[in-house]
Amino acid sequence: MLLKGKKVVVVGGSSGIGLSTAEMAKREGADVIIASRNVERLDAVADRLNAIAIPADVTSDDSVAKLFRNCGPVDHVVVTAAQLRTGPFKTVSMEDVRATMESKFWGAWRVAKSADIRPGGSLTLVSGYLSIRPRPNSAIISVANGALESLARALALELAPVRVNAVSPGIIDTPIRAAMPEAARREMLAQTAAKLPVGRVGVGEDVARQILAFMTIGFATGSIVYLDGGGLVT
Ligand SMILES: NC(=O)c1ccc[n+]([C@@H]2O[C@H](COP(=O)([O-])OP(=O)(O)OC[C@H]3O[C@@H](n4cnc5c(N)ncnc54)[C@H](OP(=O)(O)O)[C@@H]3O)[C@@H](O)[C@H]2O)c1
């Protein structure tokens, strides 16, 4: 088992990519702590995985500091937590774009600042392919993802010997689109899949495997991996 005896914290571990990462880390023998806001959902997942649940909100300095005080020294930290608000550049509200940065970018910043990661351990940030393949109505998401990728590279220097990397996923079928009408969601995923060289969209486990690679390859730091089913070459 690749992570036997290692302590792994997944911030955003109750759903999607974070949940797949927590499951995989657990299968590889890690002691896993998951953190997110909705306590009921968090506790249910923690019970199922035999993980520890610590409620936390990445938009709060105090909440993130308290999370890592409770965790103590750890080996690997992953941040998948984010709630994104976007819209057409000219009309999207400042409140919405600030909320996106507060959650996705400053949330990861707070985690990086508060986590006590042992030497040789790792921090993995999850950005997104919009960083380098922008789409209309998503400028703030491109910006947040680009900033996260820059942060990963900067922290790989500054936090060494802790290793810092980012995975930048393409379209992954997770509950992140739960608010979309189901038929429209399925149609969007099918259309995306048809355009990709791999013929399918991603699943949480695809990204989790990359995150576990970052945890376990001691030579990996300052790396940004675009994992998108070939989206960037189409
Ligand atoms: N899925 C995709 O297609 C895709 C593509 C590119 C990039 N990404 C990025 O990958 C990351 C994970 O996405 P996902 O698809 O796994 O999303 P998801 O299924 O919606 O999971 C998000 C997780 O983050 C938690 N969370 C959200 N806001 C939080 C906050 N303020 N504080 C603490 N926890 C918070 C959620 O739990 P609570 O709501 O209970 O807090 C949940 O556990 C995100 O950064 C997303 O932008 C996803």
# chains A, B, ... in the order shown; residues from 1 in each chain; ligands from 1
$ closest_atom_pairs --of "chain A" --to "ligand 1" --cutoff "7 Å" --atoms "only C-alpha atoms and all ligand atoms" --output "JSON lines"
{"residue": "A:Val11", "atom": "CA", "partner": "ligand 1", "partner_atom_place_in_ligand_line": "34 (N)", "distance": 6.2}
{"residue": "A:Gly12", "atom": "CA", "partner": "ligand 1", "partner_atom_place_in_ligand_line": "24 (O)", "distance": 3.6}
{"residue": "A:Gly13", "atom": "CA", "partner": "ligand 1", "partner_atom_place_in_ligand_line": "43 (O)", "distance": 4.9}
{"residue": "A:Ser14", "atom": "CA", "partner": "ligand 1", "partner_atom_place_in_ligand_line": "43 (O)", "distance": 3.9}
{"residue": "A:Ser15", "atom": "CA", "partner": "ligand 1", "partner_atom_place_in_ligand_line": "43 (O)", "distance": 4.2}
{"residue": "A:Gly16", "atom": "CA", "partner": "ligand 1", "partner_atom_place_in_ligand_line": "16 (O)", "distance": 3.4}
{"residue": "A:Ile17", "atom": "CA", "partner": "ligand 1", "partner_atom_place_in_ligand_line": "16 (O)", "distance": 3.8}
{"residue": "A:Gly18", "atom": "CA", "partner": "ligand 1", "partner_atom_place_in_ligand_line": "16 (O)", "distance": 5.5}
{"residue": "A:Ala35", "atom": "CA", "partner": "ligand 1", "partner_atom_place_in_ligand_line": "34 (N)", "distance": 6.4}
{"residue": "A:Ser36", "atom": "CA", "partner": "ligand 1", "partner_atom_place_in_ligand_line": "34 (N)", "distance": 3.6}
{"residue": "A:Arg37", "atom": "CA", "partner": "ligand 1", "partner_atom_place_in_ligand_line": "41 (O)", "distance": 3.5}
{"residue": "A:Asn38", "atom": "CA", "partner": "ligand 1", "partner_atom_place_in_ligand_line": "40 (O)", "distance": 3.6}
{"residue": "A:Val39", "atom": "CA", "partner": "ligand 1", "partner_atom_place_in_ligand_line": "40 (O)", "distance": 6.8}
{"residue": "A:Arg41", "atom": "CA", "partner": "ligand 1", "partner_atom_place_in_ligand_line": "40 (O)", "distance": 6.6}
{"residue": "A:Leu42", "atom": "CA", "partner": "ligand 1", "partner_atom_place_in_ligand_line": "40 (O)", "distance": 6.7}
{"residue": "A:Ala56", "atom": "CA", "partner": "ligand 1", "partner_atom_place_in_ligand_line": "33 (C)", "distance": 5.4}
{"residue": "A:Asp57", "atom": "CA", "partner": "ligand 1", "partner_atom_place_in_ligand_line": "32 (N)", "distance": 3.4}
{"residue": "A:Val58", "atom": "CA", "partner": "ligand 1", "partner_atom_place_in_ligand_line": "32 (N)", "distance": 4.0}
{"residue": "A:Thr59", "atom": "CA", "partner": "ligand 1", "partner_atom_place_in_ligand_line": "31 (N)", "distance": 5.1}
{"residue": "A:Thr80", "atom": "CA", "partner": "ligand 1", "partner_atom_place_in_ligand_line": "11 (C)", "distance": 4.2}
{"residue": "A:Ala81", "atom": "CA", "partner": "ligand 1", "partner_atom_place_in_ligand_line": "24 (O)", "distance": 3.3}
{"residue": "A:Ala82", "atom": "CA", "partner": "ligand 1", "partner_atom_place_in_ligand_line": "28 (N)", "distance": 4.2}
{"residue": "A:Gln83", "atom": "CA", "partner": "ligand 1", "partner_atom_place_in_ligand_line": "28 (N)", "distance": 4.7}
{"residue": "A:Leu84", "atom": "CA", "partner": "ligand 1", "partner_atom_place_in_ligand_line": "47 (O)", "distance": 6.8}
{"residue": "A:Ser103", "atom": "CA", "partner": "ligand 1", "partner_atom_place_in_ligand_line": "31 (N)", "distance": 5.4}
{"residue": "A:Lys104", "atom": "CA", "partner": "ligand 1", "partner_atom_place_in_ligand_line": "45 (O)", "distance": 6.1}
{"residue": "A:Val126", "atom": "CA", "partner": "ligand 1", "partner_atom_place_in_ligand_line": "10 (O)", "distance": 5.4}
{"residue": "A:Ser127", "atom": "CA", "partner": "ligand 1", "partner_atom_place_in_ligand_line": "7 (C)", "distance": 5.5}
{"residue": "A:Gly128", "atom": "CA", "partner": "ligand 1", "partner_atom_place_in_ligand_line": "7 (C)", "distance": 3.8}
{"residue": "A:Tyr129", "atom": "CA", "partner": "ligand 1", "partner_atom_place_in_ligand_line": "6 (C)", "distance": 6.1}
{"residue": "A:Ser168", "atom": "CA", "partner": "ligand 1", "partner_atom_place_in_ligand_line": "7 (C)", "distance": 6.4}
{"residue": "A:Pro169", "atom": "CA", "partner": "ligand 1", "partner_atom_place_in_ligand_line": "6 (C)", "distance": 4.5}
{"residue": "A:Gly170", "atom": "CA", "partner": "ligand 1", "partner_atom_place_in_ligand_line": "5 (C)", "distance": 5.0}
{"residue": "A:Ile171", "atom": "CA", "partner": "ligand 1", "partner_atom_place_in_ligand_line": "3 (O)", "distance": 3.7}
{"residue": "A:Ile172", "atom": "CA", "partner": "ligand 1", "partner_atom_place_in_ligand_line": "3 (O)", "distance": 3.7}
{"residue": "A:Asp173", "atom": "CA", "partner": "ligand 1", "partner_atom_place_in_ligand_line": "1 (N)", "distance": 5.7}
{"residue": "A:Thr174", "atom": "CA", "partner": "ligand 1", "partner_atom_place_in_ligand_line": "15 (O)", "distance": 4.7}
{"residue": "A:Pro175", "atom": "CA", "partner": "ligand 1", "partner_atom_place_in_ligand_line": "19 (O)", "distance": 4.3}
{"residue": "A:Ile176", "atom": "CA", "partner": "ligand 1", "partner_atom_place_in_ligand_line": "20 (O)", "distance": 3.5}
{"residue": "A:Gly204", "atom": "CA", "partner": "ligand 1", "partner_atom_place_in_ligand_line": "16 (O)", "distance": 6.9}
$ write_last_selection --atoms "N, CA and C atoms" --output "CSV table (one decimal), in the first residue's frame"
chain,number,residue,atom,x,y,z
A,11,VAL,N,-9.4,18.6,1.6
A,11,VAL,CA,-10.3,19.7,1.9
A,11,VAL,C,-11.2,19.8,0.7
A,12,GLY,N,-12.5,19.4,0.9
A,12,GLY,CA,-13.4,19.2,-0.2
A,12,GLY,C,-13.7,17.7,-0.4
A,13,GLY,N,-13.4,17.0,0.6
A,13,GLY,CA,-13.4,15.5,0.5
A,13,GLY,C,-14.8,14.8,0.5
A,14,SER,N,-15.9,15.6,0.6
A,14,SER,CA,-17.2,15.0,0.8
A,14,SER,C,-17.9,14.8,-0.6
A,15,SER,N,-17.2,15.2,-1.7
A,15,SER,CA,-17.9,15.1,-3.0
A,15,SER,C,-16.9,15.0,-4.1
A,16,GLY,N,-17.3,14.5,-5.3
A,16,GLY,CA,-16.6,14.6,-6.5
A,16,GLY,C,-15.1,14.2,-6.5
A,17,ILE,N,-14.2,15.0,-6.9
A,17,ILE,CA,-12.8,14.7,-7.1
A,17,ILE,C,-12.2,14.5,-5.7
A,18,GLY,N,-12.6,15.3,-4.7
A,18,GLY,CA,-12.1,15.1,-3.3
A,18,GLY,C,-12.5,13.8,-2.7
A,35,ALA,N,-12.6,17.4,5.0
A,35,ALA,CA,-13.2,18.6,5.5
A,35,ALA,C,-14.0,19.3,4.4
A,36,SER,N,-15.2,19.8,4.8
A,36,SER,CA,-16.0,20.6,4.0
A,36,SER,C,-17.1,21.3,4.8
A,37,ARG,N,-18.1,22.0,4.2
A,37,ARG,CA,-19.0,22.7,5.1
A,37,ARG,C,-20.2,22.0,5.5
A,38,ASN,N,-20.9,21.2,4.6
A,38,ASN,CA,-22.1,20.6,5.0
A,38,ASN,C,-21.9,19.4,5.9
A,39,VAL,N,-22.2,19.5,7.2
A,39,VAL,CA,-21.7,18.6,8.2
A,39,VAL,C,-22.4,17.2,8.0
A,41,ARG,N,-23.5,15.8,5.2
A,41,ARG,CA,-22.9,15.1,4.0
A,41,ARG,C,-21.5,14.6,4.4
A,42,LEU,N,-20.8,15.5,5.1
A,42,LEU,CA,-19.4,15.2,5.5
A,42,LEU,C,-19.3,14.0,6.4
A,56,ALA,N,-15.2,22.5,7.9
A,56,ALA,CA,-14.4,23.7,7.7
A,56,ALA,C,-15.0,24.4,6.5
A,57,ASP,N,-14.7,25.7,6.5
A,57,ASP,CA,-15.1,26.6,5.3
A,57,ASP,C,-13.9,27.3,4.9
A,58,VAL,N,-13.5,27.0,3.6
A,58,VAL,CA,-12.2,27.6,3.2
A,58,VAL,C,-12.3,29.1,2.9
A,59,THR,N,-13.5,29.7,3.0
A,59,THR,CA,-13.6,31.2,2.8
A,59,THR,C,-13.3,31.9,4.2
A,80,THR,N,-9.7,20.5,-3.0
A,80,THR,CA,-10.6,20.5,-4.1
A,80,THR,C,-11.8,21.5,-3.8
A,81,ALA,N,-11.9,22.0,-2.6
A,81,ALA,CA,-13.0,22.8,-2.2
A,81,ALA,C,-13.1,24.1,-3.1
A,82,ALA,N,-14.3,24.3,-3.6
A,82,ALA,CA,-14.5,25.5,-4.4
A,82,ALA,C,-16.0,25.6,-4.7
A,83,GLN,N,-16.5,26.8,-4.7
A,83,GLN,CA,-17.9,27.0,-5.2
A,83,GLN,C,-17.8,28.2,-6.1
A,84,LEU,N,-18.1,28.0,-7.4
A,84,LEU,CA,-17.7,29.0,-8.4
A,84,LEU,C,-19.0,29.8,-8.8
A,103,SER,N,-13.3,31.7,-2.6
A,103,SER,CA,-13.4,30.3,-2.4
A,103,SER,C,-12.3,29.5,-3.1
A,104,LYS,N,-12.2,29.7,-4.4
A,104,LYS,CA,-11.2,28.9,-5.1
A,104,LYS,C,-9.8,29.3,-4.9
A,126,VAL,N,-6.1,21.9,-7.0
A,126,VAL,CA,-6.9,21.5,-8.2
A,126,VAL,C,-7.3,22.8,-8.9
A,127,SER,N,-6.8,23.0,-10.1
A,127,SER,CA,-7.1,24.2,-10.8
A,127,SER,C,-8.2,23.9,-11.8
A,128,GLY,N,-7.9,23.9,-13.1
A,128,GLY,CA,-8.9,23.6,-14.2
A,128,GLY,C,-8.4,24.2,-15.5
A,129,TYR,N,-8.8,23.4,-16.6
A,129,TYR,CA,-8.3,23.7,-17.9
A,129,TYR,C,-8.6,25.1,-18.4
A,168,SER,N,-4.9,20.1,-13.3
A,168,SER,CA,-5.8,21.0,-14.0
A,168,SER,C,-6.7,20.2,-14.8
A,169,PRO,N,-7.9,19.8,-14.3
A,169,PRO,CA,-8.8,18.9,-15.0
A,169,PRO,C,-9.6,19.5,-16.1
A,170,GLY,N,-9.9,18.7,-17.1
A,170,GLY,CA,-11.0,19.1,-18.1
A,170,GLY,C,-12.3,18.8,-17.5
A,171,ILE,N,-13.3,18.4,-18.3
A,171,ILE,CA,-14.7,18.2,-17.8
A,171,ILE,C,-14.7,16.8,-17.1
A,172,ILE,N,-15.1,16.9,-15.8
A,172,ILE,CA,-15.2,15.7,-15.0
A,172,ILE,C,-16.6,15.6,-14.5
A,173,ASP,N,-17.2,14.4,-14.6
A,173,ASP,CA,-18.6,14.2,-14.2
A,173,ASP,C,-18.7,14.0,-12.7
A,174,THR,N,-19.0,15.1,-12.0
A,174,THR,CA,-19.1,15.1,-10.6
A,174,THR,C,-20.4,15.9,-10.2
A,175,PRO,N,-20.7,15.9,-8.9
A,175,PRO,CA,-21.9,16.6,-8.5
A,175,PRO,C,-21.8,18.2,-8.7
A,176,ILE,N,-20.6,18.7,-9.2
A,176,ILE,CA,-20.5,20.1,-9.3
A,176,ILE,C,-21.5,20.7,-10.2
A,204,GLY,N,-14.1,11.2,-11.3
A,204,GLY,CA,-13.3,11.7,-10.2
A,204,GLY,C,-12.1,10.8,-10.0
$ select_by_dssp --residues "range 177-220 of chain A" --states "alpha helix (DSSP H)" --output "compact mmCIF listing (two decimals) with N, CA and C atoms, in the first residue's frame"
# COMPACT_ATOMS: atom_id res chain seq x y z
N GLU A 182 -31.15 17.96 -15.34
CA GLU A 182 -30.46 16.69 -15.62
C GLU A 182 -30.30 16.44 -17.13
N ALA A 183 -31.34 16.73 -17.92
CA ALA A 183 -31.26 16.46 -19.36
C ALA A 183 -30.17 17.33 -20.00
N ALA A 184 -30.11 18.60 -19.60
CA ALA A 184 -29.11 19.52 -20.16
C ALA A 184 -27.70 19.09 -19.74
N ARG A 185 -27.59 18.61 -18.51
CA ARG A 185 -26.28 18.18 -18.01
C ARG A 185 -25.78 16.96 -18.82
N ARG A 186 -26.69 16.01 -19.00
CA ARG A 186 -26.31 14.80 -19.75
C ARG A 186 -25.93 15.14 -21.20
N GLU A 187 -26.71 16.06 -21.78
CA GLU A 187 -26.46 16.47 -23.16
C GLU A 187 -25.08 17.15 -23.27
N MET A 188 -24.78 18.02 -22.32
CA MET A 188 -23.49 18.72 -22.33
C MET A 188 -22.33 17.71 -22.19
N LEU A 189 -22.50 16.75 -21.28
CA LEU A 189 -21.43 15.77 -21.07
C LEU A 189 -21.25 14.89 -22.32
N ALA A 190 -22.37 14.52 -22.94
CA ALA A 190 -22.29 13.67 -24.15
C ALA A 190 -21.62 14.42 -25.29
N GLN A 191 -21.98 15.69 -25.45
CA GLN A 191 -21.37 16.49 -26.54
C GLN A 191 -19.88 16.67 -26.30
N THR A 192 -19.51 16.90 -25.04
CA THR A 192 -18.08 17.05 -24.71
C THR A 192 -17.34 15.75 -25.00
N ALA A 193 -17.92 14.65 -24.55
CA ALA A 193 -17.27 13.34 -24.73
C ALA A 193 -17.02 13.07 -26.22
N ALA A 194 -18.01 13.40 -27.05
CA ALA A 194 -17.90 13.10 -28.49
C ALA A 194 -16.75 13.86 -29.14
N LYS A 195 -16.39 15.02 -28.57
CA LYS A 195 -15.31 15.83 -29.17
C LYS A 195 -13.93 15.43 -28.69
N GLY A 204 -14.15 11.22 -11.31
CA GLY A 204 -13.33 11.67 -10.17
C GLY A 204 -12.07 10.84 -10.00
N GLU A 205 -12.20 9.53 -10.24
CA GLU A 205 -11.06 8.64 -10.04
C GLU A 205 -9.88 8.97 -10.97
N ASP A 206 -10.18 9.48 -12.18
CA ASP A 206 -9.09 9.85 -13.09
C ASP A 206 -8.19 10.90 -12.42
N VAL A 207 -8.83 11.90 -11.82
CA VAL A 207 -8.06 13.00 -11.21
C VAL A 207 -7.42 12.53 -9.90
N ALA A 208 -8.16 11.69 -9.17
CA ALA A 208 -7.62 11.17 -7.90
C ALA A 208 -6.31 10.41 -8.15
N ARG A 209 -6.25 9.66 -9.25
CA ARG A 209 -5.01 8.90 -9.54
C ARG A 209 -3.83 9.84 -9.71
N GLN A 210 -4.08 10.97 -10.40
CA GLN A 210 -3.00 11.95 -10.58
C GLN A 210 -2.60 12.56 -9.23
N ILE A 211 -3.57 12.82 -8.40
CA ILE A 211 -3.27 13.41 -7.08
C ILE A 211 -2.45 12.43 -6.25
N LEU A 212 -2.81 11.14 -6.31
CA LEU A 212 -2.00 10.16 -5.57
C LEU A 212 -0.60 10.04 -6.16
N ALA A 213 -0.48 10.23 -7.46
CA ALA A 213 0.87 10.22 -8.07
C ALA A 213 1.70 11.37 -7.50
N PHE A 214 1.10 12.55 -7.39
CA PHE A 214 1.82 13.68 -6.80
C PHE A 214 2.25 13.37 -5.35
N MET A 215 1.36 12.71 -4.61
CA MET A 215 1.71 12.39 -3.21
C MET A 215 2.90 11.45 -3.15
N THR A 216 2.96 10.51 -4.09
CA THR A 216 3.89 9.39 -3.93
C THR A 216 5.15 9.49 -4.79
$ closest_residue --among "A:Leu196, A:Ala112, A:Ala139, A:Ala166" --to "Thr124 in chain A" --atoms "only C-alpha atoms"
A:Ala166
$ atom_distance --atom1 "CA of Asp228 in chain A" --atom2 "CA of Ser122 in chain A"
22.5 Å
$ residues_around --residues "range 22-25 of chain A" --least-positions-apart "5" --cutoff "7 Å" --atoms "only C-alpha atoms" --output "list in words"
Leu3, Val10, Gly13, Ala30, Val32 and Leu49 of chain A
$ write_last_selection --atoms "N, CA, C and O atoms" --output "mmCIF file, in the first residue's frame"
data_model
loop_
_atom_site.group_PDB
_atom_site.id
_atom_site.type_symbol
_atom_site.label_atom_id
_atom_site.label_comp_id
_atom_site.auth_asym_id
_atom_site.auth_seq_id
_atom_site.Cartn_x
_atom_site.Cartn_y
_atom_site.Cartn_z
ATOM 1 N N LEU A 3 0.372 4.401 0.731
ATOM 2 C CA LEU A 3 0.274 5.500 1.709
ATOM 3 C C LEU A 3 0.123 4.981 3.140
ATOM 4 O O LEU A 3 -0.384 5.701 4.004
ATOM 5 N N VAL A 10 -8.023 15.899 2.925
ATOM 6 C CA VAL A 10 -8.666 16.304 1.678
ATOM 7 C C VAL A 10 -9.704 17.380 2.000
ATOM 8 O O VAL A 10 -10.749 17.099 2.594
ATOM 9 N N GLY A 13 -13.408 16.955 0.609
ATOM 10 C CA GLY A 13 -13.428 15.488 0.482
ATOM 11 C C GLY A 13 -14.794 14.844 0.535
ATOM 12 O O GLY A 13 -14.885 13.621 0.459
ATOM 13 N N ALA A 30 -3.807 5.077 3.918
ATOM 14 C CA ALA A 30 -3.626 6.348 4.640
ATOM 15 C C ALA A 30 -4.675 6.512 5.737
ATOM 16 O O ALA A 30 -5.769 5.954 5.674
ATOM 17 N N VAL A 32 -7.129 9.161 6.796
ATOM 18 C CA VAL A 32 -7.685 10.247 5.985
ATOM 19 C C VAL A 32 -8.583 11.153 6.825
ATOM 20 O O VAL A 32 -9.431 10.683 7.585
ATOM 21 N N LEU A 49 -16.301 5.831 4.759
ATOM 22 C CA LEU A 49 -14.885 5.596 4.421
ATOM 23 C C LEU A 49 -14.040 5.200 5.627
ATOM 24 O O LEU A 49 -12.864 4.885 5.471
#
$ decode --residues "range 129-149 of chain A" --atoms "C-alpha atoms" --output "PDB file, in the first residue's frame"
ATOM      1  CA  TYR A 129      -8.257  23.702 -17.894  1.00  0.00           C
ATOM      2  CA  LEU A 130      -9.985  27.095 -18.303  1.00  0.00           C
ATOM      3  CA  SER A 131      -6.669  28.521 -17.056  1.00  0.00           C
ATOM      4  CA  ILE A 132      -5.251  28.032 -20.546  1.00  0.00           C
ATOM      5  CA  ARG A 133      -8.399  27.305 -22.624  1.00  0.00           C
ATOM      6  CA  PRO A 134     -10.749  30.181 -21.778  1.00  0.00           C
ATOM      7  CA  ARG A 135     -14.457  30.069 -22.663  1.00  0.00           C
ATOM      8  CA  PRO A 136     -16.965  32.915 -22.854  1.00  0.00           C
ATOM      9  CA  ASN A 137     -18.654  33.868 -19.568  1.00  0.00           C
ATOM     10  CA  SER A 138     -15.945  32.241 -17.448  1.00  0.00           C
ATOM     11  CA  ALA A 139     -13.197  34.863 -17.184  1.00  0.00           C
ATOM     12  CA  ILE A 140     -13.144  34.747 -13.395  1.00  0.00           C
ATOM     13  CA  ILE A 141     -12.759  30.959 -13.403  1.00  0.00           C
ATOM     14  CA  SER A 142      -9.863  31.218 -15.873  1.00  0.00           C
ATOM     15  CA  VAL A 143      -8.270  33.807 -13.594  1.00  0.00           C
ATOM     16  CA  ALA A 144      -8.734  31.752 -10.415  1.00  0.00           C
ATOM     17  CA  ASN A 145      -7.321  28.629 -12.104  1.00  0.00           C
ATOM     18  CA  GLY A 146      -4.376  30.508 -13.596  1.00  0.00           C
ATOM     19  CA  ALA A 147      -3.607  32.093 -10.237  1.00  0.00           C
ATOM     20  CA  LEU A 148      -3.699  28.677  -8.542  1.00  0.00           C
ATOM     21  CA  GLU A 149      -1.253  27.248 -11.069  1.00  0.00           C
TER      22      GLU A 149
END
